[in-house]
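K.L.:
Structure below; questions to follow.
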Amino acid sequence: MTNTSGLWAGALSLLLIHDETDCIHSALNASRLLELLGELEEIDDETRGLCERASARLGLQRANLPACSH
(Lines give C-alpha, C1' and ligand atoms only; values in the text may rest on other atoms or scores of the structure.)
Protein backbone atom coordinates (compact mmCIF):
# COMPACT_ATOMS: atom_id res chain seq x y z
CA MET A 1 0.00 0.00 0.00
CA THR A 2 1.29 3.42 -0.97
CA ASN A 3 1.65 6.12 1.67
CA THR A 4 -0.66 8.81 0.34
CA SER A 5 -1.03 10.96 3.45
CA GLY A 6 1.00 13.75 1.83
CA LEU A 7 -1.29 13.78 -1.21
CA TRP A 8 -4.41 13.87 0.96
CA ALA A 9 -2.96 16.65 3.10
CA GLY A 10 -1.98 18.61 0.00
CA ALA A 11 -5.42 18.23 -1.56
CA LEU A 12 -7.15 19.33 1.64
CA SER A 13 -4.78 22.27 2.08
CA LEU A 14 -5.39 23.43 -1.49
CA LEU A 15 -9.15 23.07 -1.04
CA LEU A 16 -8.99 25.28 2.04
CA ILE A 17 -6.85 27.87 0.26
CA HIS A 18 -9.29 27.86 -2.64
CA ASP A 19 -12.25 28.26 -0.28
CA GLU A 20 -10.59 31.08 1.64
CA THR A 21 -9.15 33.02 -1.31
CA ASP A 22 -10.90 31.81 -4.49
CA CYS A 23 -7.43 31.13 -5.87
CA ILE A 24 -7.81 29.49 -9.27
CA HIS A 25 -4.37 27.90 -9.02
CA SER A 26 -5.30 26.21 -5.75
CA ALA A 27 -8.49 24.87 -7.34
CA LEU A 28 -6.57 23.54 -10.34
CA ASN A 29 -3.92 21.85 -8.21
CA ALA A 30 -6.47 20.40 -5.78
CA SER A 31 -8.38 18.99 -8.74
CA ARG A 32 -5.21 17.38 -10.11
CA LEU A 33 -4.34 15.82 -6.74
CA LEU A 34 -7.87 14.48 -6.35
CA GLU A 35 -7.66 12.93 -9.81
CA LEU A 36 -4.37 11.25 -8.86
CA LEU A 37 -5.81 9.97 -5.61
CA GLY A 38 -8.90 8.65 -7.37
CA GLU A 39 -6.74 6.65 -9.76
CA LEU A 40 -4.91 4.73 -7.02
CA GLU A 41 -5.67 1.01 -6.95
CA GLU A 42 -5.99 0.88 -3.17
CA ILE A 43 -8.76 3.51 -3.08
CA ASP A 44 -12.23 2.07 -2.55
CA ASP A 45 -15.02 2.84 -4.99
CA GLU A 46 -16.83 5.25 -2.67
CA THR A 47 -13.70 7.33 -2.07
CA ARG A 48 -12.87 7.21 -5.78
CA GLY A 49 -16.33 8.57 -6.54
CA LEU A 50 -15.88 11.39 -4.02
CA CYS A 51 -12.52 12.31 -5.54
CA GLU A 52 -14.06 12.39 -9.01
CA ARG A 53 -17.02 14.50 -7.86
CA ALA A 54 -14.80 16.99 -6.04
CA SER A 55 -12.41 17.24 -8.97
CA ALA A 56 -15.30 17.82 -11.38
CA ARG A 57 -16.83 20.47 -9.09
CA LEU A 58 -13.52 22.31 -8.90
CA GLY A 59 -13.30 22.14 -12.67
CA LEU A 60 -16.71 23.79 -12.99
CA GLN A 61 -15.82 26.46 -10.45
CA ARG A 62 -12.47 27.13 -12.16
CA ALA A 63 -14.25 28.31 -15.28
CA ASN A 64 -15.93 31.11 -13.30
CA LEU A 65 -13.07 32.23 -11.06
CA PRO A 66 -10.94 35.31 -11.62
CA ALA A 67 -7.19 34.85 -11.62
CA CYS A 68 -5.72 35.21 -8.15
CA SER A 69 -2.63 37.08 -7.09
CA HIS A 70 -0.97 34.02 -5.47
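In the C-alpha coordinates, the first chain shown is A, the next is B, and so on; residue numbers restart at 1 for each chain, and ligands run from 1 in the order shown.
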Do a neighbour search on Ser13 (chain A) at 9 Å with only C-alpha atoms, toss out local chain neighbours closer than 4 positions, and write the hits as a list in words.
P.N.:
Trp8, Ala9, Ile17, His18, Ser26 and Ala30 of chain A
K.L.:
When DSSP works through the backbone of this structure, what residues of region 13-63 of chain A end up as helix (DSSP H, G or I), shown as a ChimeraX atom specification?
P.N.:
/A:13-21,24-38,45-62
K.L.:
If we count only C-alpha atoms and set the cut-off at 12 Å, which residues sit around Gly38 (chain A), ignoring sequence neighbours fewer than 3 positions away in its own chain? Please answer as a VMD selection string.
P.N.:
chain A and resid 4 7 to 8 11 31 to 35 41 to 56
K.L.:
Figure out the distance between CA of Leu36 (chain A) and CA of Ile24 (chain A), please, to one decimal in Å.
P.N.:
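Taking CA of Ile24 (chain A) as the start and CA of Leu36 (chain A) as the end point, the length is 18.6 Å.
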K.L.:
Mind giving me the straight-line distance from CA of Gly10 (chain A) to CA of Glu39 (chain A) in Å, one decimal?
P.N.:
16.2 Å
K.L.:
Could you tell me how far CA of Ser5 (chain A) sits from CA of His25 (chain A), in Å to one decimal place?
P.N.:
21.3 Å
